[in-house]
$ cat target03.cif   # mmCIF, C-alpha atoms and all ligand atoms
data_target
#
loop_
_atom_site.label_atom_id
_atom_site.label_comp_id
_atom_site.auth_asym_id
_atom_site.auth_seq_id
_atom_site.Cartn_x
_atom_site.Cartn_y
_atom_site.Cartn_z
CA MET A 11 113.88 72.48 122.75
CA ALA A 12 111.10 70.69 120.95
CA THR A 13 107.54 71.93 121.34
CA LEU A 14 104.39 69.82 121.32
CA ALA A 15 103.58 71.32 117.91
CA SER A 16 106.93 70.22 116.47
CA ILE A 17 106.56 66.82 118.12
CA ARG A 18 103.22 66.37 116.40
CA SER A 19 104.47 67.46 113.01
CA ASN A 20 107.49 65.13 113.24
CA CYS A 21 105.44 62.14 114.36
CA ARG A 22 104.74 59.46 111.80
CA LYS A 23 103.62 56.62 113.99
CA VAL A 24 102.33 56.19 117.52
CA ILE A 25 102.89 52.75 118.99
CA CYS A 26 100.95 51.82 122.11
CA ILE A 27 101.71 48.97 124.48
CA GLY A 28 98.60 47.13 125.69
CA ARG A 29 98.00 45.44 129.05
CA ASN A 30 101.21 46.51 130.72
CA TYR A 31 100.00 46.89 134.32
CA ALA A 32 98.68 43.81 136.12
CA ASP A 33 95.76 45.52 137.89
CA HIS A 34 94.62 47.12 134.66
CA VAL A 35 94.65 43.73 132.93
CA THR A 36 92.42 42.42 135.72
CA GLU A 37 89.96 45.32 135.71
CA LEU A 38 89.14 44.73 132.03
CA ASN A 39 88.95 40.93 132.51
CA ASN A 40 91.81 40.43 130.12
CA GLN A 41 94.55 37.82 130.03
CA ARG A 42 98.03 38.87 131.10
CA PRO A 43 100.19 38.84 127.96
CA LYS A 44 103.28 36.60 127.82
CA GLN A 45 105.09 39.27 125.84
CA PRO A 46 104.42 42.94 125.14
CA PHE A 47 101.83 43.51 122.44
CA PHE A 48 101.13 46.76 120.75
CA PHE A 49 98.94 48.64 118.33
CA LEU A 50 99.04 51.86 116.32
CA LYS A 51 97.20 55.11 116.78
CA PRO A 52 97.28 57.58 113.90
CA SER A 53 99.20 60.83 114.46
CA SER A 54 96.01 62.58 113.33
CA SER A 55 94.47 61.65 116.70
CA ILE A 56 96.88 63.94 118.59
CA LEU A 57 95.21 66.75 120.55
CA LEU A 58 97.33 69.60 121.84
CA PRO A 59 96.48 71.83 124.82
CA SER A 60 94.15 74.69 123.82
CA GLU A 61 92.83 72.80 120.80
CA GLY A 62 89.56 72.10 122.57
CA PRO A 63 87.86 69.05 124.01
CA VAL A 64 88.12 65.36 123.23
CA LEU A 65 85.24 64.68 120.86
CA ARG A 66 83.02 61.75 121.66
CA PRO A 67 81.68 60.16 118.47
CA SER A 68 77.99 59.37 118.82
CA GLY A 69 77.36 55.94 120.26
CA VAL A 70 80.89 55.62 121.60
CA THR A 71 81.75 54.92 125.25
CA LEU A 72 84.81 57.05 125.81
CA HIS A 73 87.46 55.76 128.26
CA PHE A 74 90.62 57.51 129.45
CA GLU A 75 93.97 55.73 129.88
CA ILE A 76 96.80 57.82 131.32
CA GLU A 77 100.22 56.79 130.02
CA LEU A 78 103.85 57.79 130.02
CA GLY A 79 104.89 58.64 126.46
CA LEU A 80 108.33 58.46 124.84
CA VAL A 81 109.43 60.54 121.89
CA ILE A 82 111.94 58.55 119.84
CA GLY A 83 115.12 60.47 119.04
CA LYS A 84 116.80 58.26 116.46
CA THR A 85 116.34 55.26 114.22
CA VAL A 86 116.06 52.08 116.30
CA ARG A 87 116.06 48.61 114.81
CA ASP A 88 116.39 45.29 116.66
CA LEU A 89 117.31 46.90 119.98
CA LYS A 90 118.43 44.33 122.52
CA GLU A 91 116.53 44.37 125.80
CA SER A 92 119.86 44.16 127.60
CA ASP A 93 121.27 47.20 125.78
CA ALA A 94 122.28 49.55 128.60
CA SER A 95 122.13 52.55 126.28
CA TRP A 96 118.37 52.25 125.62
CA GLN A 97 117.72 55.76 126.97
CA ASP A 98 119.67 57.10 123.97
CA ALA A 99 116.67 56.13 121.84
CA ILE A 100 114.47 58.63 123.70
CA SER A 101 114.60 62.39 123.09
CA HIS A 102 111.77 63.54 125.37
CA TYR A 103 108.97 62.28 127.57
CA LEU A 104 105.28 63.11 127.31
CA LEU A 105 102.16 62.64 129.33
CA CYS A 106 99.48 61.08 127.12
CA ILE A 107 95.88 60.01 127.38
CA ASP A 108 95.14 57.00 125.19
CA MET A 109 91.44 57.74 124.67
CA THR A 110 89.60 54.58 123.70
CA GLY A 111 86.14 53.84 122.36
CA ARG A 112 85.69 51.00 124.83
CA ASN A 113 82.49 49.60 123.36
CA VAL A 114 83.99 49.78 119.87
CA GLN A 115 87.10 48.00 121.15
CA ASN A 116 85.07 45.33 122.94
CA GLU A 117 83.11 44.69 119.77
CA ALA A 118 86.35 44.50 117.76
CA LYS A 119 87.85 42.05 120.26
CA LYS A 120 84.77 39.85 120.07
CA LYS A 121 84.77 39.83 116.26
CA GLY A 122 88.54 39.56 115.86
CA TYR A 123 88.62 42.97 114.16
CA PRO A 124 91.51 45.45 114.32
CA TRP A 125 91.56 48.06 117.06
CA SER A 126 92.41 50.99 114.80
CA ILE A 127 88.94 52.54 114.78
CA ALA A 128 88.41 52.20 118.55
CA LYS A 129 91.74 53.88 119.18
CA GLY A 130 92.05 56.20 116.21
CA PHE A 131 89.37 58.91 116.23
CA ASP A 132 90.47 62.53 115.95
CA THR A 133 91.24 64.06 119.40
CA PHE A 134 91.83 60.60 120.95
CA LEU A 135 95.42 61.39 121.93
CA PRO A 136 95.73 64.41 124.23
CA LEU A 137 99.37 65.22 124.97
CA ALA A 138 101.19 67.28 127.58
CA GLY A 139 104.87 68.14 127.74
CA PRO A 140 107.45 67.78 126.42
CA ILE A 141 109.33 66.81 129.54
CA ALA A 142 113.10 67.03 129.18
CA LYS A 143 114.89 63.72 129.48
CA GLU A 144 117.10 65.07 132.24
CA LYS A 145 114.03 65.60 134.41
CA ILE A 146 113.14 61.91 134.36
CA LYS A 147 116.23 60.12 135.55
CA ASP A 148 114.30 56.88 136.02
CA PRO A 149 111.17 56.52 133.87
CA HIS A 150 110.27 53.44 135.91
CA ASP A 151 109.80 55.56 139.03
CA VAL A 152 107.25 58.15 137.96
CA GLU A 153 103.77 58.55 139.39
CA LEU A 154 101.02 59.09 136.83
CA TRP A 155 97.64 60.42 137.85
CA LEU A 156 94.37 61.39 136.24
CA SER A 157 91.23 62.85 137.79
CA VAL A 158 87.74 63.41 136.41
CA ASN A 159 85.87 66.44 137.76
CA GLY A 160 88.30 66.49 140.67
CA ASP A 161 88.02 62.79 141.61
CA VAL A 162 91.29 60.91 141.26
CA LYS A 163 90.70 57.86 139.05
CA GLN A 164 94.22 56.71 138.16
CA GLN A 165 97.31 57.12 140.31
CA ASP A 166 100.12 54.63 140.14
CA SER A 167 103.83 54.38 139.64
CA THR A 168 105.43 53.30 136.39
CA GLU A 169 107.40 50.83 138.52
CA LEU A 170 104.34 48.59 138.14
CA MET A 171 104.88 48.06 134.41
CA LEU A 172 104.88 44.36 133.53
CA PHE A 173 107.37 44.97 130.72
CA GLN A 174 109.80 47.79 131.22
CA ILE A 175 110.80 50.27 128.54
CA PRO A 176 113.91 48.48 127.18
CA ARG A 177 111.81 45.35 126.62
CA GLN A 178 109.08 47.41 124.94
CA LEU A 179 111.55 49.13 122.61
CA SER A 180 113.22 45.82 121.89
CA ASP A 181 110.00 44.04 120.97
CA ILE A 182 108.63 46.92 118.89
CA SER A 183 111.88 47.48 117.02
CA LYS A 184 112.12 43.80 116.09
CA VAL A 185 108.85 44.25 114.21
CA MET A 186 108.93 47.81 112.98
CA THR A 187 111.80 50.25 112.74
CA LEU A 188 111.38 53.09 115.20
CA GLU A 189 112.06 56.40 113.50
CA GLN A 190 112.97 59.77 114.92
CA GLY A 191 109.76 61.48 115.99
CA ASP A 192 107.73 58.31 116.60
CA ILE A 193 105.86 58.23 119.89
CA VAL A 194 105.57 55.20 122.17
CA LEU A 195 102.83 54.92 124.80
CA THR A 196 103.92 52.60 127.59
CA GLY A 197 100.60 51.31 128.88
CA THR A 198 98.08 52.44 131.48
CA PRO A 199 97.76 51.59 135.17
CA LYS A 200 94.46 50.56 136.76
CA GLY A 201 91.51 52.87 137.16
CA VAL A 202 90.47 53.51 133.56
CA GLY A 203 86.87 54.56 133.13
CA PRO A 204 84.32 56.54 131.16
CA VAL A 205 84.00 60.25 130.57
CA VAL A 206 81.06 62.08 129.04
CA THR A 207 80.84 65.41 127.28
CA GLY A 208 81.39 68.21 129.77
CA ASP A 209 83.60 66.19 132.13
CA VAL A 210 86.96 67.71 132.92
CA MET A 211 90.02 65.43 132.96
CA GLU A 212 93.09 66.67 134.75
CA ALA A 213 96.29 64.70 134.71
CA GLY A 214 99.88 64.95 135.70
CA MET A 215 103.05 63.24 136.71
CA ARG A 216 104.98 63.28 139.99
CA ILE A 217 108.63 62.53 140.55
CA GLY A 218 109.75 62.02 144.13
CA GLY A 219 106.33 63.30 145.18
CA LYS A 220 106.76 66.57 143.27
CA GLU A 221 104.44 67.59 140.47
CA VAL A 222 106.17 68.04 137.09
CA GLU A 223 104.96 71.41 135.77
CA GLU A 224 105.29 70.63 132.05
CA ALA A 225 103.16 67.51 132.39
CA LYS A 226 100.08 69.24 133.78
CA MET A 227 97.10 68.57 131.59
CA ARG A 228 93.48 69.68 131.59
CA VAL A 229 91.09 68.42 128.91
CA GLU A 230 87.36 68.55 128.55
CA MET B 7 105.52 64.67 89.57
CA ALA B 8 105.80 62.86 92.85
CA THR B 9 108.21 59.95 93.16
CA LEU B 10 107.76 56.86 95.29
CA ALA B 11 110.53 58.21 97.53
CA SER B 12 108.69 61.49 98.08
CA ILE B 13 105.43 59.62 98.59
CA ARG B 14 107.03 57.57 101.33
CA SER B 15 108.59 60.55 103.05
CA ASN B 16 105.29 62.47 103.00
CA CYS B 17 103.27 59.53 104.29
CA ARG B 18 102.18 59.65 107.92
CA LYS B 19 99.54 56.98 107.98
CA VAL B 20 98.51 54.04 105.83
CA ILE B 21 94.87 53.03 106.18
CA CYS B 22 93.84 49.65 104.81
CA ILE B 23 90.32 48.48 104.08
CA GLY B 24 89.68 44.86 105.09
CA ARG B 25 87.36 42.32 103.46
CA ASN B 26 86.33 44.42 100.51
CA TYR B 27 85.91 41.70 97.88
CA ALA B 28 83.27 39.01 98.42
CA ASP B 29 85.33 36.06 97.16
CA HIS B 30 88.27 37.06 99.33
CA VAL B 31 86.00 37.21 102.38
CA THR B 32 84.88 33.66 101.58
CA GLU B 33 88.35 32.24 100.99
CA LEU B 34 89.47 33.27 104.49
CA ASN B 35 86.22 32.01 106.08
CA ASN B 36 85.39 35.51 107.25
CA GLN B 37 82.08 37.29 107.67
CA ARG B 38 81.13 39.89 105.11
CA PRO B 39 81.26 43.27 106.88
CA LYS B 40 78.12 45.44 107.04
CA GLN B 41 80.28 48.52 106.67
CA PRO B 42 83.88 49.11 105.63
CA PHE B 43 86.38 48.42 108.38
CA PHE B 44 89.98 49.37 108.35
CA PHE B 45 93.31 49.14 110.10
CA LEU B 46 96.65 50.93 110.06
CA LYS B 47 100.01 49.87 108.69
CA PRO B 48 103.04 51.91 109.73
CA SER B 49 104.75 53.95 107.02
CA SER B 50 107.96 52.23 108.14
CA SER B 51 106.68 49.06 106.45
CA ILE B 52 106.93 50.63 102.98
CA LEU B 53 109.32 48.86 100.59
CA LEU B 54 110.37 50.63 97.40
CA PRO B 55 111.58 48.92 94.22
CA SER B 56 115.31 48.10 94.39
CA GLU B 57 115.31 48.08 98.19
CA GLY B 58 115.50 44.31 98.26
CA PRO B 59 113.17 41.49 99.21
CA VAL B 60 110.24 41.28 101.58
CA LEU B 61 111.69 39.89 104.80
CA ARG B 62 109.90 36.97 106.38
CA PRO B 63 110.22 37.11 110.17
CA SER B 64 110.99 33.68 111.55
CA GLY B 65 107.89 31.65 112.32
CA VAL B 66 105.68 33.89 110.20
CA THR B 67 103.48 32.63 107.35
CA LEU B 68 103.77 35.39 104.79
CA HIS B 69 100.73 36.12 102.57
CA PHE B 70 100.46 38.56 99.67
CA GLU B 71 97.41 40.77 99.07
CA ILE B 72 97.48 42.88 95.90
CA GLU B 73 95.61 46.18 96.28
CA LEU B 74 94.92 49.44 94.53
CA GLY B 75 96.42 52.28 96.60
CA LEU B 76 95.37 55.92 96.80
CA VAL B 77 97.65 58.78 97.74
CA ILE B 78 95.63 61.47 99.51
CA GLY B 79 96.16 64.95 98.10
CA LYS B 80 94.49 67.17 100.68
CA THR B 81 92.93 67.24 104.11
CA VAL B 82 89.68 65.27 104.13
CA ARG B 83 87.27 65.25 107.04
CA ASP B 84 83.71 63.89 107.10
CA LEU B 85 83.53 63.36 103.35
CA LYS B 86 80.03 62.48 102.21
CA GLU B 87 79.74 59.24 100.24
CA SER B 88 77.55 61.11 97.75
CA ASP B 89 80.13 63.87 97.21
CA ALA B 90 80.71 63.81 93.45
CA SER B 91 84.10 65.49 93.85
CA TRP B 92 85.66 62.60 95.83
CA GLN B 93 88.42 62.17 93.23
CA ASP B 94 89.73 65.59 94.28
CA ALA B 95 90.92 63.92 97.49
CA ILE B 96 93.31 61.69 95.52
CA SER B 97 96.61 62.92 94.10
CA HIS B 98 97.99 59.66 92.66
CA TYR B 99 97.37 55.95 92.50
CA LEU B 100 99.71 53.16 93.58
CA LEU B 101 99.94 49.43 93.26
CA CYS B 102 100.52 47.94 96.72
CA ILE B 103 101.04 44.55 98.28
CA ASP B 104 99.59 44.37 101.77
CA MET B 105 101.95 41.69 103.08
CA THR B 106 100.41 39.93 106.06
CA GLY B 107 101.71 37.54 108.68
CA ARG B 108 98.68 35.30 108.28
CA ASN B 109 99.35 33.06 111.24
CA VAL B 110 100.05 36.09 113.43
CA GLN B 111 96.82 37.68 112.23
CA ASN B 112 94.81 34.48 112.82
CA GLU B 113 96.19 34.27 116.34
CA ALA B 114 95.33 37.96 116.92
CA LYS B 115 91.81 37.44 115.62
CA LYS B 116 91.32 34.47 117.92
CA LYS B 117 92.60 36.35 120.97
CA GLY B 118 90.93 39.66 120.13
CA TYR B 119 94.33 41.33 119.77
CA PRO B 120 95.14 44.21 117.43
CA TRP B 121 96.37 43.47 113.91
CA SER B 122 99.24 45.95 113.97
CA ILE B 123 102.02 43.38 114.41
CA ALA B 124 100.67 40.98 111.75
CA LYS B 125 100.46 43.84 109.27
CA GLY B 126 103.30 46.07 110.38
CA PHE B 127 106.69 44.40 109.93
CA ASP B 128 109.36 46.26 107.99
CA THR B 129 109.13 45.52 104.21
CA PHE B 130 105.44 44.49 104.50
CA LEU B 131 104.27 47.18 102.09
CA PRO B 132 105.88 46.95 98.64
CA LEU B 133 104.78 49.83 96.40
CA ALA B 134 104.84 50.50 92.67
CA GLY B 135 103.96 53.70 90.85
CA PRO B 136 103.02 56.45 91.21
CA ILE B 137 100.35 56.26 88.55
CA ALA B 138 99.07 59.65 87.43
CA LYS B 139 95.42 60.29 88.24
CA GLU B 140 94.68 61.05 84.61
CA LYS B 141 95.67 57.50 83.67
CA ILE B 142 92.96 55.97 85.84
CA LYS B 143 89.74 57.60 84.72
CA ASP B 144 87.70 55.03 86.62
CA PRO B 145 89.44 53.39 89.61
CA HIS B 146 86.53 50.95 89.81
CA ASP B 147 87.46 49.47 86.45
CA VAL B 148 91.07 48.41 86.88
CA GLU B 149 92.38 44.87 86.72
CA LEU B 150 94.87 43.95 89.45
CA TRP B 151 97.06 40.89 89.13
CA LEU B 152 99.81 39.16 91.05
CA SER B 153 101.83 36.08 90.18
CA VAL B 154 104.25 33.96 92.19
CA ASN B 155 107.12 32.40 90.25
CA GLY B 156 105.14 32.98 87.07
CA ASP B 157 101.83 31.47 88.26
CA VAL B 158 99.00 33.98 88.34
CA LYS B 159 97.44 33.92 91.82
CA GLN B 160 95.29 37.04 91.90
CA GLN B 161 93.59 38.67 88.92
CA ASP B 162 90.37 40.58 89.34
CA SER B 163 88.77 43.89 88.58
CA THR B 164 88.30 46.61 91.16
CA GLU B 165 84.67 46.67 90.02
CA LEU B 166 84.21 43.79 92.48
CA MET B 167 84.81 46.00 95.53
CA LEU B 168 82.01 45.63 98.08
CA PHE B 169 82.43 49.25 99.16
CA GLN B 170 83.63 51.66 96.52
CA ILE B 171 86.18 54.38 97.08
CA PRO B 172 83.83 57.27 97.99
CA ARG B 173 82.28 55.09 100.70
CA GLN B 174 85.74 54.11 101.97
CA LEU B 175 86.94 57.71 102.12
CA SER B 176 83.70 58.74 103.76
CA ASP B 177 83.88 56.09 106.48
CA ILE B 178 87.58 56.63 107.17
CA SER B 179 87.33 60.41 107.27
CA LYS B 180 84.46 60.27 109.76
CA VAL B 181 86.85 58.55 112.17
CA MET B 182 90.24 60.02 111.36
CA THR B 183 91.15 63.07 109.34
CA LEU B 184 92.88 62.11 106.10
CA GLU B 185 95.96 64.25 105.58
CA GLN B 186 97.91 65.06 102.45
CA GLY B 187 100.32 62.19 101.86
CA ASP B 188 98.32 59.51 103.65
CA ILE B 189 97.91 56.27 101.70
CA VAL B 190 94.71 54.23 101.50
CA LEU B 191 94.71 50.56 100.48
CA THR B 192 91.36 49.59 99.04
CA GLY B 193 91.24 45.86 99.79
CA THR B 194 92.35 42.72 98.03
CA PRO B 195 90.52 40.40 95.61
CA LYS B 196 90.51 36.61 95.99
CA GLY B 197 93.56 34.45 95.53
CA VAL B 198 95.77 35.51 98.45
CA GLY B 199 98.30 32.95 99.49
CA PRO B 200 101.73 32.21 100.95
CA VAL B 201 105.18 33.04 99.68
CA VAL B 202 108.47 31.74 101.00
CA THR B 203 111.97 33.15 100.82
CA GLY B 204 113.23 32.99 97.25
CA ASP B 205 109.80 33.22 95.63
CA VAL B 206 109.38 35.99 93.10
CA MET B 207 106.17 38.02 93.14
CA GLU B 208 105.30 39.99 90.05
CA ALA B 209 102.31 42.27 89.96
CA GLY B 210 100.66 44.83 87.81
CA MET B 211 97.54 46.64 86.78
CA ARG B 212 95.63 46.63 83.49
CA ILE B 213 93.27 49.26 82.17
CA GLY B 214 91.14 48.30 79.18
CA GLY B 215 93.30 45.16 78.87
CA LYS B 216 96.52 47.19 78.61
CA GLU B 217 99.30 46.87 81.14
CA VAL B 218 100.12 50.12 83.01
CA GLU B 219 103.90 50.49 82.79
CA GLU B 220 104.37 52.46 86.03
CA ALA B 221 102.55 49.81 88.04
CA LYS B 222 104.83 46.91 87.13
CA MET B 223 106.29 45.34 90.23
CA ARG B 224 108.73 42.55 90.92
CA VAL B 225 109.59 41.61 94.50
CA GLU B 226 111.40 38.68 95.99
MG MG C 301 95.12 47.41 114.79
MG MG C 302 96.47 52.30 126.35
MG MG C 303 94.69 43.87 102.74
#

$ encode --input "target03.cif" --output "structure tokens"
Amino acid sequence: MATLASIRSNCRKVICIGRNYADHVTELNNQRPKQPFFFLKPSSSILLPSEGPVLRPSGVTLHFEIELGLVIGKTVRDLKESDASWQDAISHYLLCIDMTGRNVQNEAKKKGYPWSIAKGFDTFLPLAGPIAKEKIKDPHDVELWLSVNGDVKQQDSTELMLFQIPRQLSDISKVMTLEQGDIVLTGTPKGVGPVVTGDVMEAGMRIGGKEVEEAKMRVE
Amino acid sequence: MATLASIRSNCRKVICIGRNYADHVTELNNQRPKQPFFFLKPSSSILLPSEGPVLRPSGVTLHFEIELGLVIGKTVRDLKESDASWQDAISHYLLCIDMTGRNVQNEAKKKGYPWSIAKGFDTFLPLAGPIAKEKIKDPHDVELWLSVNGDVKQQDSTELMLFQIPRQLSDISKVMTLEQGDIVLTGTPKGVGPVVTGDVMEAGMRIGGKEVEEAKMRVE
């Protein structure tokens, strides 16, 4: 069984789907995309449990985005959305927080700059898991939740994704080859918001109403 | 001595500086940045000599950008721009073409979308080298050139960089830890332009007027 440490050391790229839940698109006053779009986070932004808090760079408004993560298990190129064997591309699931410097991102969007800085600071990708594939029979029927200091901020089912996983893997792999060890973040539901130093984020995943032990996360 | 194949397999992230030569900023009608900005290319976009041509995705206007590349030799975090030992962070040099889907990038800039797709297609990062560090005593005094079907399109000295390498490494490493094997692209001089299928790009690097053998590149 893979560990989070081995998952990090085998990860070359992290590909994140943007705007993949309708209510999240609305809350940030964004346009709903006609097709999945995505961006990269560096693997150096990964934060494992017990490695300490998410670090807020000075002047940065830090937002959380809870997401279902996929660990890629084999080379994938030009996957067809209709390919019924798409789950073969996945070796494990993760629970991920796509930490975002929201003011940096807003500035980048205004100027037409890349998002890599806003998304790429060290500690901006806390992970929990891995969750065995067998545990998640249907990744489009998983409840994701995140609370800050005990208040639930995000709590929605992955059934609300605008573009489901086969479409995501298809669109990504038409642009860039997915390699074993790559991580895909599948987008965040509504409820994103700021955290400040000292806040405690807790997060998890429920299947059929039951908490998945491996996915439990607590980050300062 | 490292080989290009080992450099690719050890590379986790590729960080590219944007708008780092004044005349290139002007030719694309961009604003001159007040500080270095950067974006990520996936390591899956690397193309080694003899691996075949750069592939133009349908509907994509393909532009070349010749750049001096740095292979990072050790972990670098919060490097100071004034640190006189900045060359210790570099293990080798490369010659790189930052292939860009210019129409995809222009669309992304207009919409405030990330650049990852425009920059990240497979084959979008042809490499030549490695060039031993000892060969490049002063990386700010290297002539880069690129021709298309025999016509020289880019030919300028790295002395024209707006932000020199210590500043680049400083700014990057304040955001994301540089790890051994990471590659940094230092920006492109003026003269970028389109290539179509069948065009032949040749590129190289001159030091003191003399061609560097290891840097010679020929890509269709
Ligand atoms: Mg980007
Ligand atoms: Mg996200
Ligand atoms: Mg470039």

$ interface_residues --input "target03.cif" --of "chain A" --to "chain B" --cutoff "8 Å" --atoms "only C-alpha atoms" --output "MDAnalysis selection string"
chainID A and resid 21:23 48:55 118:127 130:132 185:189

$ residues_around --input "target03.cif" --residues "Lys80 of chain B" --least-positions-apart "4" --cutoff "10 Å" --atoms "all atoms listed in the file" --output "PyMOL selection string"
chain B and resi 94-97+184-188

$ residues_around --input "target03.cif" --residues "Met227 of chain A" --least-positions-apart "2" --cutoff "8 Å" --atoms "only C-alpha atoms" --output "PyMOL selection string"
chain A and resi 59+137-138+211-214+225+229

$ atom_distance --input "target03.cif" --atom1 "atom CA of Arg42 of chain A" --atom2 "atom CA of Gly111 of chain A"
21.0 Å

$ atom_distance --input "target03.cif" --atom1 "atom CA of Leu150 of chain B" --atom2 "atom CA of Met167 of chain B"
11.9 Å

$ build_atoms --input "target03.cif" --residues "segment 200-207 of chain A" --atoms "all heavy atoms" --output "mmCIF file, in the coordinates of the input"
data_model
loop_
_atom_site.group_PDB
_atom_site.id
_atom_site.type_symbol
_atom_site.label_atom_id
_atom_site.label_comp_id
_atom_site.auth_asym_id
_atom_site.auth_seq_id
_atom_site.Cartn_x
_atom_site.Cartn_y
_atom_site.Cartn_z
ATOM 1 N N LYS A 200 95.883 50.818 136.472
ATOM 2 C CA LYS A 200 94.460 50.560 136.760
ATOM 3 C C LYS A 200 93.679 51.870 136.936
ATOM 4 O O LYS A 200 94.269 52.937 137.114
ATOM 5 C CB LYS A 200 94.334 49.723 138.031
ATOM 6 C CG LYS A 200 94.733 50.474 139.310
ATOM 7 C CD LYS A 200 94.493 49.635 140.553
ATOM 8 C CE LYS A 200 94.838 50.386 141.830
ATOM 9 N NZ LYS A 200 96.268 50.763 141.934
ATOM 10 N N GLY A 201 92.374 51.734 136.857
ATOM 11 C CA GLY A 201 91.510 52.870 137.160
ATOM 12 C C GLY A 201 90.871 53.519 135.939
ATOM 13 O O GLY A 201 90.191 54.532 136.065
ATOM 14 N N VAL A 202 91.066 52.939 134.760
ATOM 15 C CA VAL A 202 90.470 53.510 133.560
ATOM 16 C C VAL A 202 88.951 53.555 133.716
ATOM 17 O O VAL A 202 88.377 52.764 134.469
ATOM 18 C CB VAL A 202 90.827 52.696 132.284
ATOM 19 C CG1 VAL A 202 92.325 52.583 132.138
ATOM 20 C CG2 VAL A 202 90.176 51.320 132.294
ATOM 21 N N GLY A 203 88.325 54.469 133.014
ATOM 22 C CA GLY A 203 86.870 54.560 133.130
ATOM 23 C C GLY A 203 86.323 55.556 132.138
ATOM 24 O O GLY A 203 87.067 56.154 131.357
ATOM 25 N N PRO A 204 84.993 55.719 132.172
ATOM 26 C CA PRO A 204 84.320 56.540 131.160
ATOM 27 C C PRO A 204 84.336 58.032 131.480
ATOM 28 O O PRO A 204 84.394 58.429 132.637
ATOM 29 C CB PRO A 204 82.890 56.012 131.203
ATOM 30 C CG PRO A 204 82.707 55.539 132.612
ATOM 31 C CD PRO A 204 84.043 55.068 133.090
ATOM 32 N N VAL A 205 84.278 58.821 130.447
ATOM 33 C CA VAL A 205 84.000 60.250 130.570
ATOM 34 C C VAL A 205 82.894 60.604 129.583
ATOM 35 O O VAL A 205 82.768 59.967 128.534
ATOM 36 C CB VAL A 205 85.229 61.147 130.270
ATOM 37 C CG1 VAL A 205 86.098 61.326 131.495
ATOM 38 C CG2 VAL A 205 86.043 60.625 129.098
ATOM 39 N N VAL A 206 82.113 61.610 129.942
ATOM 40 C CA VAL A 206 81.060 62.080 129.040
ATOM 41 C C VAL A 206 81.326 63.550 128.737
ATOM 42 O O VAL A 206 82.127 64.213 129.401
ATOM 43 C CB VAL A 206 79.651 61.890 129.651
ATOM 44 C CG1 VAL A 206 79.367 60.406 129.861
ATOM 45 C CG2 VAL A 206 79.509 62.655 130.952
ATOM 46 N N THR A 207 80.663 64.023 127.711
ATOM 47 C CA THR A 207 80.840 65.410 127.280
ATOM 48 C C THR A 207 80.596 66.355 128.468
ATOM 49 O O THR A 207 79.622 66.198 129.201
ATOM 50 C CB THR A 207 79.853 65.715 126.136
ATOM 51 O OG1 THR A 207 80.055 64.728 125.121
ATOM 52 C CG2 THR A 207 80.100 67.099 125.555
#
